[in-house]
$ cat run_2.cif   # mmCIF, C-alpha atoms
data_model
#
loop_
_atom_site.label_atom_id
_atom_site.label_comp_id
_atom_site.auth_asym_id
_atom_site.auth_seq_id
_atom_site.Cartn_x
_atom_site.Cartn_y
_atom_site.Cartn_z
CA MET A 21 7.89 30.13 -14.92
CA GLU A 22 6.93 27.88 -12.05
CA THR A 23 4.01 28.65 -9.80
CA GLN A 24 5.26 29.62 -6.34
CA TYR A 25 3.38 28.42 -3.29
CA LEU A 26 3.30 30.12 0.05
CA PRO A 27 1.41 28.56 2.97
CA THR A 28 -0.56 31.74 3.56
CA ALA A 29 -1.30 32.63 -0.03
CA GLY A 30 -5.03 32.60 -0.69
CA SER A 31 -4.59 31.95 -4.37
CA GLN A 32 -2.47 28.84 -4.00
CA LEU A 33 -5.32 26.46 -4.84
CA GLU A 34 -6.05 28.15 -8.12
CA GLY A 35 -5.36 27.45 -11.76
CA ARG A 36 -2.23 25.61 -12.67
CA GLY A 37 -1.27 25.09 -9.04
CA ILE A 38 -4.20 22.88 -8.15
CA GLY A 39 -3.70 20.92 -11.38
CA GLN A 40 -0.07 20.21 -10.49
CA SER A 41 -1.03 19.26 -6.95
CA LEU A 42 -3.67 16.82 -8.15
CA ARG A 43 -1.27 15.34 -10.70
CA SER A 44 1.31 14.87 -7.95
CA ALA A 45 -1.29 13.25 -5.71
CA LEU A 46 -2.32 10.78 -8.42
CA THR A 47 1.29 10.00 -9.37
CA MET A 48 1.88 9.20 -5.70
CA ILE A 49 -0.28 6.07 -6.13
CA LEU A 50 1.97 4.19 -8.58
CA ASN A 51 5.24 6.12 -8.79
CA PRO A 52 5.71 7.96 -5.48
CA ALA A 53 9.48 8.28 -5.87
CA GLN A 54 8.98 10.61 -8.83
CA VAL A 55 6.81 12.97 -6.75
CA LEU A 56 9.14 12.82 -3.73
CA LYS A 57 12.19 13.77 -5.79
CA GLY A 58 10.56 16.68 -7.57
CA ALA A 59 7.00 17.86 -7.46
CA MET A 60 6.59 17.31 -3.71
CA GLU A 61 8.03 20.75 -2.97
CA ARG A 62 5.26 22.35 -5.02
CA VAL A 63 2.36 20.67 -3.22
CA PRO A 64 1.07 23.08 -0.55
CA TRP A 65 0.43 21.64 2.92
CA PRO A 66 -3.34 22.45 2.93
CA VAL A 67 -3.76 20.18 -0.12
CA SER A 68 -1.75 17.36 1.48
CA LEU A 69 -3.60 17.65 4.78
CA SER A 70 -6.97 17.76 3.01
CA ILE A 71 -6.22 14.49 1.21
CA SER A 72 -5.42 12.44 4.32
CA GLY A 73 -8.05 14.25 6.39
CA LEU A 74 -10.80 13.57 3.87
CA ALA A 75 -9.59 9.98 3.32
CA PHE A 76 -9.89 9.09 7.00
CA THR A 77 -13.11 11.08 7.41
CA LEU A 78 -14.73 8.92 4.73
CA PHE A 79 -13.07 5.77 6.14
CA PHE A 80 -14.45 6.36 9.64
CA LEU A 81 -17.82 7.48 8.28
CA GLN A 82 -18.11 4.08 6.60
CA THR A 83 -17.10 2.41 9.86
CA GLY A 84 -19.89 4.30 11.63
CA LEU A 85 -22.41 3.45 8.91
CA ASP A 86 -21.46 -0.24 9.04
CA MET A 87 -21.77 -0.31 12.82
CA HIS A 88 -25.09 1.53 12.69
CA ARG A 89 -26.36 -0.94 10.10
CA VAL A 90 -25.58 -3.95 12.31
CA GLY A 91 -26.99 -2.18 15.36
CA THR A 92 -23.79 -1.56 17.31
CA ALA A 93 -23.72 2.25 16.94
CA SER A 94 -26.33 5.01 17.18
CA PRO A 95 -26.58 7.71 14.47
CA GLY A 96 -24.85 10.10 16.86
CA ALA A 97 -21.99 7.65 17.36
CA ALA A 98 -21.65 7.29 13.57
CA VAL A 99 -21.27 11.07 13.28
CA GLY A 100 -18.78 10.98 16.15
CA TYR A 101 -16.68 8.39 14.32
CA THR A 102 -16.59 10.71 11.31
CA PHE A 103 -15.02 13.47 13.40
CA LEU A 104 -12.59 10.96 14.88
CA GLY A 105 -11.63 10.12 11.30
CA THR A 106 -10.91 13.77 10.56
CA ALA A 107 -8.68 13.94 13.64
CA MET A 108 -6.97 10.68 12.68
CA GLY A 109 -6.37 11.85 9.11
CA THR A 110 -4.81 15.13 10.18
CA MET A 111 -3.27 14.94 13.66
CA GLY A 112 -2.91 11.15 13.62
CA VAL A 113 -1.14 11.04 10.26
CA ALA A 114 1.07 13.97 11.32
CA LEU A 115 2.06 12.05 14.47
CA VAL A 116 2.83 8.91 12.46
CA ALA A 117 4.91 11.03 10.08
CA ALA A 118 6.77 12.48 13.05
CA VAL A 119 7.52 8.94 14.29
CA ALA A 120 8.88 8.00 10.85
CA TRP A 121 10.89 11.22 10.69
CA ALA A 122 12.44 10.55 14.11
CA ALA A 123 13.09 6.88 13.31
CA SER A 124 14.89 7.76 10.08
CA ARG A 125 17.17 10.40 11.68
CA PRO A 126 19.86 7.81 12.59
CA PHE A 127 20.01 6.84 8.90
CA GLY A 128 21.01 10.34 7.81
CA ASN A 129 17.58 11.83 7.16
CA ASP A 130 18.02 15.45 6.15
CA ARG A 131 14.40 16.07 5.19
CA SER A 132 12.42 18.51 7.32
CA LEU A 133 9.51 17.46 9.52
CA ASP A 134 7.27 19.70 7.42
CA TRP A 135 8.27 17.84 4.24
CA THR A 136 7.69 14.48 5.95
CA VAL A 137 4.21 15.41 7.17
CA ARG A 138 3.20 16.71 3.73
CA ALA A 139 4.56 13.57 2.06
CA PHE A 140 2.78 11.24 4.49
CA CYS A 141 -0.52 13.08 4.03
CA LEU A 142 -0.16 12.84 0.25
CA ALA A 143 0.55 9.10 0.58
CA TYR A 144 -3.10 8.63 1.49
CA THR A 145 -4.32 9.55 -2.01
CA PRO A 146 -5.17 5.90 -2.82
CA THR A 147 -7.01 5.66 0.51
CA LEU A 148 -9.12 8.68 -0.45
CA ILE A 149 -10.03 7.13 -3.80
CA PHE A 150 -10.90 3.74 -2.26
CA CYS A 151 -12.94 5.38 0.51
CA ALA A 152 -14.84 7.65 -1.89
CA VAL A 153 -15.82 4.65 -4.02
CA GLY A 154 -16.55 2.61 -0.88
CA LEU A 155 -18.87 5.28 0.49
CA MET A 156 -20.85 5.28 -2.75
CA VAL A 157 -21.15 1.49 -2.62
CA ASN A 158 -22.10 1.70 1.06
CA LEU A 159 -24.88 4.23 0.43
CA VAL A 160 -26.18 2.88 -2.89
CA ALA A 161 -25.89 -0.89 -2.38
CA GLY A 162 -26.10 -0.96 1.41
CA TRP A 163 -22.97 -3.08 1.80
CA ASN A 164 -20.58 -2.95 4.75
CA THR A 165 -17.50 -1.41 3.18
CA ALA A 166 -15.18 -0.32 6.03
CA VAL A 167 -12.92 -3.36 5.71
CA ALA A 168 -13.28 -4.08 1.97
CA PHE A 169 -12.66 -0.49 0.86
CA GLY A 170 -11.39 1.38 3.93
CA VAL A 171 -8.73 -1.07 5.12
CA THR A 172 -7.75 -1.88 1.52
CA GLY A 173 -7.33 1.83 0.83
CA ALA A 174 -5.25 2.29 3.96
CA LEU A 175 -3.06 -0.62 2.86
CA TRP A 176 -2.46 0.99 -0.52
CA ALA A 177 -0.85 3.91 1.33
CA ILE A 178 1.93 1.63 2.56
CA TYR A 179 3.63 1.64 -0.84
CA PRO A 180 4.07 5.44 -0.99
CA ILE A 181 5.07 5.39 2.68
CA ILE A 182 7.85 2.90 1.89
CA ALA A 183 9.02 5.24 -0.89
CA ILE A 184 9.01 8.17 1.58
CA CYS A 185 11.02 6.13 4.09
CA ARG A 186 13.50 5.14 1.36
CA GLU A 187 13.91 8.80 0.49
CA MET A 188 14.52 9.67 4.14
CA THR A 189 16.89 6.80 4.90
CA GLY A 190 19.07 7.24 1.83
CA ASP A 191 17.49 4.27 0.00
CA LYS A 192 18.11 1.78 2.82
CA LEU A 193 15.45 -0.79 2.01
CA ALA A 194 15.54 -2.88 5.20
CA ALA A 195 15.26 0.19 7.45
CA SER A 196 12.49 1.58 5.23
CA LEU A 197 10.51 -1.66 5.46
CA VAL A 198 10.78 -1.70 9.26
CA ILE A 199 9.80 1.97 9.66
CA SER A 200 6.88 1.68 7.22
CA THR A 201 5.66 -1.47 9.00
CA ILE A 202 5.65 0.45 12.28
CA CYS A 203 3.80 3.35 10.64
CA GLY A 204 1.22 1.04 9.04
CA GLY A 205 0.80 -0.76 12.37
CA LEU A 206 0.19 2.53 14.19
CA VAL A 207 -2.56 3.46 11.72
CA LEU A 208 -4.20 0.03 12.00
CA CYS A 209 -4.00 0.19 15.80
CA GLY A 210 -5.49 3.69 15.70
CA TRP A 211 -8.42 2.49 13.65
CA ALA A 212 -8.86 -0.56 15.87
CA LEU A 213 -8.83 1.56 19.04
CA LEU A 214 -11.00 4.40 17.75
CA GLY A 215 -13.25 2.64 15.27
CA ILE A 216 -14.19 -0.59 16.99
CA MET B 3 28.67 -17.33 -3.56
CA ASP B 4 29.18 -13.54 -3.75
CA ARG B 5 27.29 -11.10 -1.60
CA SER B 6 24.92 -9.90 -4.30
CA GLN B 7 23.91 -13.46 -5.10
CA GLY B 8 23.31 -14.11 -1.40
CA GLU B 9 21.16 -10.99 -1.19
CA ARG B 10 19.24 -12.07 -4.28
CA ILE B 11 18.50 -15.49 -2.80
CA ALA B 12 17.54 -13.94 0.55
CA ALA B 13 15.13 -11.57 -1.22
CA VAL B 14 13.45 -14.42 -3.11
CA LEU B 15 13.17 -16.55 0.04
CA ALA B 16 11.76 -13.61 2.04
CA VAL B 17 9.11 -12.96 -0.62
CA LEU B 18 8.15 -16.65 -0.78
CA ALA B 19 7.98 -16.90 3.02
CA CYS B 20 5.64 -13.90 3.06
CA PHE B 21 3.38 -15.46 0.46
CA ALA B 22 3.34 -18.71 2.47
CA VAL B 23 2.19 -16.75 5.55
CA LEU B 24 -0.41 -14.78 3.56
CA ALA B 25 -1.69 -18.01 1.99
CA TRP B 26 -1.95 -19.59 5.44
CA LEU B 27 -3.88 -16.60 6.79
CA ASN B 28 -6.19 -16.65 3.77
CA GLY B 29 -6.53 -20.43 3.92
CA ARG B 30 -7.89 -20.29 7.46
CA TYR B 31 -11.01 -18.61 6.05
CA VAL B 32 -11.22 -20.45 2.73
CA GLY B 33 -10.64 -23.99 3.95
CA SER B 34 -11.94 -25.91 6.94
CA GLY B 35 -9.71 -28.15 8.98
CA ALA B 36 -5.93 -28.32 9.16
CA GLY B 37 -5.65 -30.49 6.03
CA GLN B 38 -7.47 -28.03 3.80
CA VAL B 39 -5.61 -25.04 5.25
CA ALA B 40 -2.28 -26.80 4.62
CA THR B 41 -3.33 -27.72 1.07
CA TYR B 42 -4.45 -24.15 0.36
CA THR B 43 -1.19 -22.79 1.77
CA LEU B 44 0.91 -25.12 -0.40
CA LEU B 45 -1.11 -24.45 -3.56
CA GLY B 46 -1.09 -20.70 -2.84
CA LEU B 47 2.68 -20.77 -2.50
CA LEU B 48 3.03 -22.69 -5.78
CA LEU B 49 0.71 -20.17 -7.48
CA ALA B 50 2.86 -17.32 -6.14
CA ILE B 51 6.03 -18.98 -7.47
CA ALA B 52 4.43 -19.50 -10.89
CA CYS B 53 3.11 -15.93 -11.04
CA LEU B 54 6.40 -14.38 -9.91
CA ALA B 55 8.27 -16.43 -12.51
CA GLY B 56 5.76 -15.40 -15.17
CA LEU B 57 6.01 -11.74 -14.13
CA ALA B 58 9.80 -11.93 -14.43
CA GLY B 59 9.37 -13.27 -17.97
CA LEU B 60 6.95 -10.46 -18.81
CA VAL B 61 9.33 -7.86 -17.38
CA LEU B 62 12.22 -9.31 -19.40
CA ALA B 63 10.18 -9.30 -22.61
CA ALA B 64 9.03 -5.71 -22.09
CA SER B 65 12.26 -4.11 -20.84
CA PRO B 66 15.22 -3.84 -23.24
CA SER B 67 17.55 -2.59 -20.48
CA LEU B 68 17.19 -5.89 -18.60
CA ARG B 69 18.08 -8.09 -21.58
CA PRO B 70 21.86 -8.06 -20.99
CA ALA B 71 21.25 -9.35 -17.44
CA GLY B 72 18.81 -11.96 -18.76
CA TYR B 73 16.11 -13.76 -16.80
CA ARG B 74 18.17 -13.53 -13.61
CA GLY B 75 18.16 -9.72 -13.84
CA ALA B 76 14.40 -9.69 -14.39
CA LEU B 77 13.88 -12.03 -11.43
CA ASP B 78 16.09 -9.74 -9.35
CA ALA B 79 13.87 -6.73 -10.21
CA VAL B 80 10.74 -8.73 -9.40
CA SER B 81 12.06 -10.01 -6.07
CA ARG B 82 13.27 -6.54 -5.05
CA GLY B 83 9.93 -5.02 -5.98
CA PHE B 84 8.00 -7.72 -4.16
CA LEU B 85 10.00 -7.18 -0.96
CA ILE B 86 7.30 -4.72 0.01
CA VAL B 87 5.06 -7.71 0.80
CA ILE B 88 7.00 -7.86 4.09
CA PRO B 89 5.12 -4.95 5.75
CA PHE B 90 1.84 -6.25 4.34
CA THR B 91 2.52 -9.68 5.83
CA ALA B 92 3.44 -8.25 9.23
CA LEU B 93 0.32 -6.08 9.24
CA ALA B 94 -1.86 -8.98 8.05
CA LEU B 95 -0.61 -11.02 11.02
CA LEU B 96 -1.35 -8.09 13.34
CA ALA B 97 -4.84 -7.58 11.91
CA ASP B 98 -5.73 -11.26 11.95
CA LEU B 99 -4.11 -12.56 15.13
CA ALA B 100 -4.36 -9.44 17.33
CA PHE B 101 -7.58 -7.83 16.10
CA GLY B 102 -9.35 -10.89 14.65
CA TRP B 103 -10.18 -9.16 11.36
CA ASN B 104 -11.04 -11.41 8.43
CA ALA B 105 -9.14 -9.22 5.97
CA ALA B 106 -6.43 -11.56 4.66
CA THR B 107 -7.77 -11.31 1.10
CA ALA B 108 -7.57 -7.50 1.20
CA PHE B 109 -3.96 -7.72 2.38
CA VAL B 110 -3.01 -10.21 -0.35
CA GLN B 111 -4.61 -8.15 -3.12
CA ALA B 112 -3.11 -4.86 -1.95
CA ALA B 113 0.30 -6.51 -1.48
CA ILE B 114 0.33 -7.97 -4.99
CA MET B 115 -0.89 -4.83 -6.77
CA THR B 116 1.43 -2.39 -5.00
CA SER B 117 4.35 -4.80 -5.41
CA GLY B 118 3.65 -4.83 -9.16
CA ALA B 119 4.00 -1.05 -9.23
CA ALA B 120 7.19 -1.36 -7.18
CA VAL B 121 8.62 -3.82 -9.75
CA GLY B 122 7.87 -1.24 -12.44
CA VAL B 123 9.78 1.39 -10.48
CA GLU B 124 12.70 -1.05 -10.06
CA VAL B 125 12.77 -1.56 -13.85
CA MET B 126 12.65 2.21 -14.41
CA ARG B 127 15.56 2.64 -11.98
CA GLY B 128 17.51 0.20 -14.13
CA GLY B 129 17.40 2.52 -17.11
CA ASP B 130 13.99 2.17 -18.76
CA LYS B 131 12.42 5.44 -17.70
CA LYS B 132 9.27 5.11 -19.76
CA LEU B 133 6.00 4.85 -17.88
CA ARG B 134 4.83 1.98 -20.08
CA TYR B 135 7.14 -0.35 -18.14
CA LEU B 136 5.30 0.65 -15.00
CA ALA B 137 2.02 -0.09 -16.77
CA VAL B 138 3.23 -3.52 -17.95
CA CYS B 139 4.32 -4.53 -14.44
CA THR B 140 1.09 -3.25 -12.89
CA ALA B 141 -0.93 -5.17 -15.50
CA GLY B 142 1.09 -8.31 -14.71
CA ALA B 143 0.42 -7.85 -11.01
CA PHE B 144 -3.28 -7.37 -11.75
CA ALA B 145 -3.29 -10.72 -13.57
CA PHE B 146 -1.51 -12.26 -10.55
CA SER B 147 -4.15 -10.88 -8.15
CA MET B 148 -6.96 -12.11 -10.40
CA ALA B 149 -5.32 -15.55 -10.48
CA TRP B 150 -5.27 -15.55 -6.66
CA ILE B 151 -8.97 -14.63 -6.50
CA GLY B 152 -9.79 -17.35 -9.06
CA PHE B 153 -7.71 -19.90 -7.15
CA SER B 154 -9.47 -19.06 -3.88
CA ALA B 155 -12.89 -19.33 -5.52
CA LEU B 156 -12.02 -22.69 -7.12
CA PHE B 157 -10.60 -24.02 -3.85
CA THR B 158 -13.71 -22.96 -1.94
CA LYS B 159 -15.89 -24.72 -4.52
CA ALA B 160 -13.74 -27.87 -4.52
CA ALA B 161 -13.56 -27.96 -0.72
CA GLY B 162 -17.33 -27.73 -0.54
#

$ encode --input "run_2.cif" --output "structure tokens"
Amino acid sequence: METQYLPTAGSQLEGRGIGQSLRSALTMILNPAQVLKGAMERVPWPVSLSISGLAFTLFFLQTGLDMHRVGTASPGAAVGYTFLGTAMGTMGVALVAAVAWAASRPFGNDRSLDWTVRAFCLAYTPTLIFCAVGLMVNLVAGWNTAVAFGVTGALWAIYPIIAICREMTGDKLAASLVISTICGGLVLCGWALLGI
Amino acid sequence: MDRSQGERIAAVLAVLACFAVLAWLNGRYVGSGAGQVATYTLLGLLLAIACLAGLAGLVLAASPSLRPAGYRGALDAVSRGFLIVIPFTALALLADLAFGWNAATAFVQAAIMTSGAAVGVEVMRGGDKKLRYLAVCTAGAFAFSMAWIGFSALFTKAAG
């Protein structure tokens, strides 16, 4: 019997459910189409939102630490960047997902906006992994890691995003590439405007 | 020339054009002067051609479902998978030319590795559903990305 998830259920992060959600998140890195066609429906939105939110929180924290290290940001500004990252990883990613959802409507997209937002948030699983490792390197070795780990991690999200766009456009590759380029560009512009 | 063959050629040319642009962007930081940047771009493009051809051979050897279509079928899967370098190239141009970030290497590495996974998914779409095909393609892409890093390091050393 499958575990049922309800957005308001307090027990949804327990037991088998969280295991399935994590497995779906990790599968999203290399084989996103498999998750999108099946397990996506079983990943609750708090898990999806936590992944992208935490990914960008760590990304922007590293940006703040790098800037503080080179003397272009105060400790308070570094903390401020961290909160900006949280906003970017939740509201920002949701907005980008909404853009992709709207852009794919003319291609016959029948997926809901809720599904699209959850899928986009889950696409940032590789970003979370890169940023977690980058933060450790930043703190332990004292290197500047925002570009090497943060941007690289954000780039790794493009592949799942292309798969999401293909799912929404009925496997139209050219349209998917254009929409995912716009989405990736919006995220890069967001980081450039907020983080630098 | 039928339509599918035209699409196949267009896909290969698009992928090669993207690698030429990525090599040029990378070369601006690795080499100094127009001559070195042009040399790096040309050598980078040749490396990409060699690696893509090698990856197609690896895919063919590892995937029984592609054998009836032969090397051309494997090359088709590789070129379709590597089409996702297009967004990476566009974003690399944006990052470099608009924001002035020296991140071309990060774009190249991410583009190659994720494209490798995409090739694996293309092979699995063709009938081989086993995850080991995904692993083989990702490993091949990892070798490609390591070759690019090695090439850049050697070029930097040779260029002085």

$ closest_atom_pairs --input "run_2.cif" --of "chain A" --to "chain B" --cutoff "12 Å" --atoms "only C-alpha atoms" --output "JSON lines"
{"residue": "A:Thr47", "atom": "CA", "partner": "B:Leu133", "partner_atom": "CA", "distance": 11.0}
{"residue": "A:Met48", "atom": "CA", "partner": "B:Ala119", "partner_atom": "CA", "distance": 11.0}
{"residue": "A:Ile49", "atom": "CA", "partner": "B:Thr116", "partner_atom": "CA", "distance": 8.7}
{"residue": "A:Leu50", "atom": "CA", "partner": "B:Ala119", "partner_atom": "CA", "distance": 5.7}
{"residue": "A:Asn51", "atom": "CA", "partner": "B:Val123", "partner_atom": "CA", "distance": 6.8}
{"residue": "A:Pro52", "atom": "CA", "partner": "B:Val123", "partner_atom": "CA", "distance": 9.2}
{"residue": "A:Ala53", "atom": "CA", "partner": "B:Val123", "partner_atom": "CA", "distance": 8.3}
{"residue": "A:Gln54", "atom": "CA", "partner": "B:Val123", "partner_atom": "CA", "distance": 9.4}
{"residue": "A:Pro146", "atom": "CA", "partner": "B:Thr116", "partner_atom": "CA", "distance": 10.8}
{"residue": "A:Thr147", "atom": "CA", "partner": "B:Ala112", "partner_atom": "CA", "distance": 11.5}
{"residue": "A:Phe150", "atom": "CA", "partner": "B:Ala112", "partner_atom": "CA", "distance": 11.6}
{"residue": "A:Thr165", "atom": "CA", "partner": "B:Ala105", "partner_atom": "CA", "distance": 11.8}
{"residue": "A:Ala166", "atom": "CA", "partner": "B:Ala105", "partner_atom": "CA", "distance": 10.8}
{"residue": "A:Val167", "atom": "CA", "partner": "B:Ala105", "partner_atom": "CA", "distance": 7.0}
{"residue": "A:Ala168", "atom": "CA", "partner": "B:Ala108", "partner_atom": "CA", "distance": 6.7}
{"residue": "A:Phe169", "atom": "CA", "partner": "B:Ala108", "partner_atom": "CA", "distance": 8.7}
{"residue": "A:Gly170", "atom": "CA", "partner": "B:Ala108", "partner_atom": "CA", "distance": 10.0}
{"residue": "A:Val171", "atom": "CA", "partner": "B:Ala108", "partner_atom": "CA", "distance": 7.6}
{"residue": "A:Thr172", "atom": "CA", "partner": "B:Ala108", "partner_atom": "CA", "distance": 5.6}
{"residue": "A:Gly173", "atom": "CA", "partner": "B:Ala112", "partner_atom": "CA", "distance": 8.4}
{"residue": "A:Ala174", "atom": "CA", "partner": "B:Ala112", "partner_atom": "CA", "distance": 9.5}
{"residue": "A:Leu175", "atom": "CA", "partner": "B:Ala112", "partner_atom": "CA", "distance": 6.4}
{"residue": "A:Trp176", "atom": "CA", "partner": "B:Ala112", "partner_atom": "CA", "distance": 6.1}
{"residue": "A:Ala177", "atom": "CA", "partner": "B:Thr116", "partner_atom": "CA", "distance": 9.2}
{"residue": "A:Ile178", "atom": "CA", "partner": "B:Pro89", "partner_atom": "CA", "distance": 8.0}
{"residue": "A:Tyr179", "atom": "CA", "partner": "B:Thr116", "partner_atom": "CA", "distance": 6.2}
{"residue": "A:Pro180", "atom": "CA", "partner": "B:Thr116", "partner_atom": "CA", "distance": 9.2}
{"residue": "A:Ile181", "atom": "CA", "partner": "B:Ile86", "partner_atom": "CA", "distance": 10.7}
{"residue": "A:Ile182", "atom": "CA", "partner": "B:Ile86", "partner_atom": "CA", "distance": 7.9}
{"residue": "A:Ala183", "atom": "CA", "partner": "B:Ala120", "partner_atom": "CA", "distance": 9.3}
{"residue": "A:Arg186", "atom": "CA", "partner": "B:Ile86", "partner_atom": "CA", "distance": 11.7}
{"residue": "A:Leu193", "atom": "CA", "partner": "B:Leu85", "partner_atom": "CA", "distance": 8.9}
{"residue": "A:Ala194", "atom": "CA", "partner": "B:Leu85", "partner_atom": "CA", "distance": 9.3}
{"residue": "A:Ala195", "atom": "CA", "partner": "B:Pro89", "partner_atom": "CA", "distance": 11.5}
{"residue": "A:Ser196", "atom": "CA", "partner": "B:Ile86", "partner_atom": "CA", "distance": 9.7}
{"residue": "A:Leu197", "atom": "CA", "partner": "B:Pro89", "partner_atom": "CA", "distance": 6.3}
{"residue": "A:Val198", "atom": "CA", "partner": "B:Pro89", "partner_atom": "CA", "distance": 7.4}
{"residue": "A:Ile199", "atom": "CA", "partner": "B:Pro89", "partner_atom": "CA", "distance": 9.2}
{"residue": "A:Ser200", "atom": "CA", "partner": "B:Pro89", "partner_atom": "CA", "distance": 7.0}
{"residue": "A:Thr201", "atom": "CA", "partner": "B:Pro89", "partner_atom": "CA", "distance": 4.8}
{"residue": "A:Ile202", "atom": "CA", "partner": "B:Pro89", "partner_atom": "CA", "distance": 8.5}
{"residue": "A:Cys203", "atom": "CA", "partner": "B:Pro89", "partner_atom": "CA", "distance": 9.7}
{"residue": "A:Gly204", "atom": "CA", "partner": "B:Leu93", "partner_atom": "CA", "distance": 7.2}
{"residue": "A:Gly205", "atom": "CA", "partner": "B:Leu93", "partner_atom": "CA", "distance": 6.2}
{"residue": "A:Leu206", "atom": "CA", "partner": "B:Leu93", "partner_atom": "CA", "distance": 9.9}
{"residue": "A:Val207", "atom": "CA", "partner": "B:Leu93", "partner_atom": "CA", "distance": 10.3}
{"residue": "A:Leu208", "atom": "CA", "partner": "B:Ala97", "partner_atom": "CA", "distance": 7.6}
{"residue": "A:Cys209", "atom": "CA", "partner": "B:Ala97", "partner_atom": "CA", "distance": 8.7}
{"residue": "A:Gly210", "atom": "CA", "partner": "B:Phe101", "partner_atom": "CA", "distance": 11.7}
{"residue": "A:Trp211", "atom": "CA", "partner": "B:Phe101", "partner_atom": "CA", "distance": 10.6}
{"residue": "A:Ala212", "atom": "CA", "partner": "B:Phe101", "partner_atom": "CA", "distance": 7.4}
{"residue": "A:Leu213", "atom": "CA", "partner": "B:Phe101", "partner_atom": "CA", "distance": 9.9}
{"residue": "A:Gly215", "atom": "CA", "partner": "B:Phe101", "partner_atom": "CA", "distance": 11.9}
{"residue": "A:Ile216", "atom": "CA", "partner": "B:Phe101", "partner_atom": "CA", "distance": 9.8}

$ residues_around --input "run_2.cif" --residues "range 112-128 of chain A" --least-positions-apart "3" --cutoff "8 Å" --atoms "only C-alpha atoms" --output "PyMOL selection string"
chain A and resi 72+107-109+133+136-137+140-141+185+188-190+199-200+203+206-207

$ resolve_selection --input "run_2.cif" --expression "the PyMOL selection byres ((chain A and resi 89) around 12)" --output "ChimeraX atom specification"
/A:82-88,90-95,98,158-159,162-166

$ residues_around --input "run_2.cif" --residues "range 14-30 of chain B" --least-positions-apart "3" --cutoff "6 Å" --atoms "only C-alpha atoms" --output "list in words"
Ile11, Gly33, Val39, Tyr42, Thr43, Gly46, Leu47, Ser81, Leu85, Thr91 and Ala106 of chain B

$ write_last_selection --input "run_2.cif" --atoms "C-alpha atoms" --output "CSV table (one decimal), keeping the file's coordinate frame"
chain,number,residue,atom,x,y,z
B,11,ILE,CA,18.5,-15.5,-2.8
B,33,GLY,CA,-10.6,-24.0,4.0
B,39,VAL,CA,-5.6,-25.0,5.2
B,42,TYR,CA,-4.4,-24.2,0.4
B,43,THR,CA,-1.2,-22.8,1.8
B,46,GLY,CA,-1.1,-20.7,-2.8
B,47,LEU,CA,2.7,-20.8,-2.5
B,81,SER,CA,12.1,-10.0,-6.1
B,85,LEU,CA,10.0,-7.2,-1.0
B,91,THR,CA,2.5,-9.7,5.8
B,106,ALA,CA,-6.4,-11.6,4.7

$ residues_around --input "run_2.cif" --residues "range 52-65 of chain B" --least-positions-apart "2" --cutoff "8 Å" --atoms "all atoms listed in the file" --output "ChimeraX atom specification"
/B:48-50,67-69,72-73,76-77,79-80,125,130,135,138-139,142-143,146

$ write_last_selection --input "run_2.cif" --atoms "C-alpha atoms" --output "compact mmCIF listing (two decimals), keeping the file's coordinate frame"
# COMPACT_ATOMS: atom_id res chain seq x y z
CA LEU B 48 3.03 -22.69 -5.78
CA LEU B 49 0.71 -20.17 -7.48
CA ALA B 50 2.86 -17.32 -6.14
CA SER B 67 17.55 -2.59 -20.48
CA LEU B 68 17.19 -5.89 -18.60
CA ARG B 69 18.08 -8.09 -21.58
CA GLY B 72 18.81 -11.96 -18.76
CA TYR B 73 16.11 -13.76 -16.80
CA ALA B 76 14.40 -9.69 -14.39
CA LEU B 77 13.88 -12.03 -11.43
CA ALA B 79 13.87 -6.73 -10.21
CA VAL B 80 10.74 -8.73 -9.40
CA VAL B 125 12.77 -1.56 -13.85
CA ASP B 130 13.99 2.17 -18.76
CA TYR B 135 7.14 -0.35 -18.14
CA VAL B 138 3.23 -3.52 -17.95
CA CYS B 139 4.32 -4.53 -14.44
CA GLY B 142 1.09 -8.31 -14.71
CA ALA B 143 0.42 -7.85 -11.01
CA PHE B 146 -1.51 -12.26 -10.55

$ axis_aligned_box --input "run_2.cif" --around "range 151-165 of chain A" --padding-each-side "8 Å" --output "AutoDock Vina command-line options"
--center_x -19.6 --center_y 2.3 --center_z 0.4 --size_x 29.2 --size_y 26.7 --size_z 24.8

$ closest_residue --input "run_2.cif" --among "A:Ala152, A:Leu142, A:Val99, A:Val157" --to "Val67 in chain A" --atoms "all atoms listed in the file"
A:Leu142

$ residues_around --input "run_2.cif" --residues "Leu156 in chain B" --least-positions-apart "3" --cutoff "12 Å" --atoms "only C-alpha atoms" --output "ChimeraX atom specification"
/B:32-33,42,45-46,149-153,159-162

$ atom_distance --input "run_2.cif" --atom1 "CA of Leu99 in chain B" --atom2 "CA of Lys192 in chain A"
29.2 Å

$ residues_near_point --input "run_2.cif" --point "(-3.4, 22.9, -2.1)" --cutoff "7 Å" --atoms "only C-alpha atoms" --output "PDB file with C-alpha atoms, in the coordinates of the input"
ATOM      1  CA  GLN A  32      -2.470  28.840  -4.000  1.00  0.00           C
ATOM      2  CA  LEU A  33      -5.320  26.460  -4.840  1.00  0.00           C
ATOM      3  CA  ILE A  38      -4.200  22.880  -8.150  1.00  0.00           C
ATOM      4  CA  SER A  41      -1.030  19.260  -6.950  1.00  0.00           C
ATOM      5  CA  VAL A  63       2.360  20.670  -3.220  1.00  0.00           C
ATOM      6  CA  PRO A  64       1.070  23.080  -0.550  1.00  0.00           C
ATOM      7  CA  TRP A  65       0.430  21.640   2.920  1.00  0.00           C
ATOM      8  CA  PRO A  66      -3.340  22.450   2.930  1.00  0.00           C
ATOM      9  CA  VAL A  67      -3.760  20.180  -0.120  1.00  0.00           C
ATOM     10  CA  SER A  68      -1.750  17.360   1.480  1.00  0.00           C
TER      11      SER A  68
END
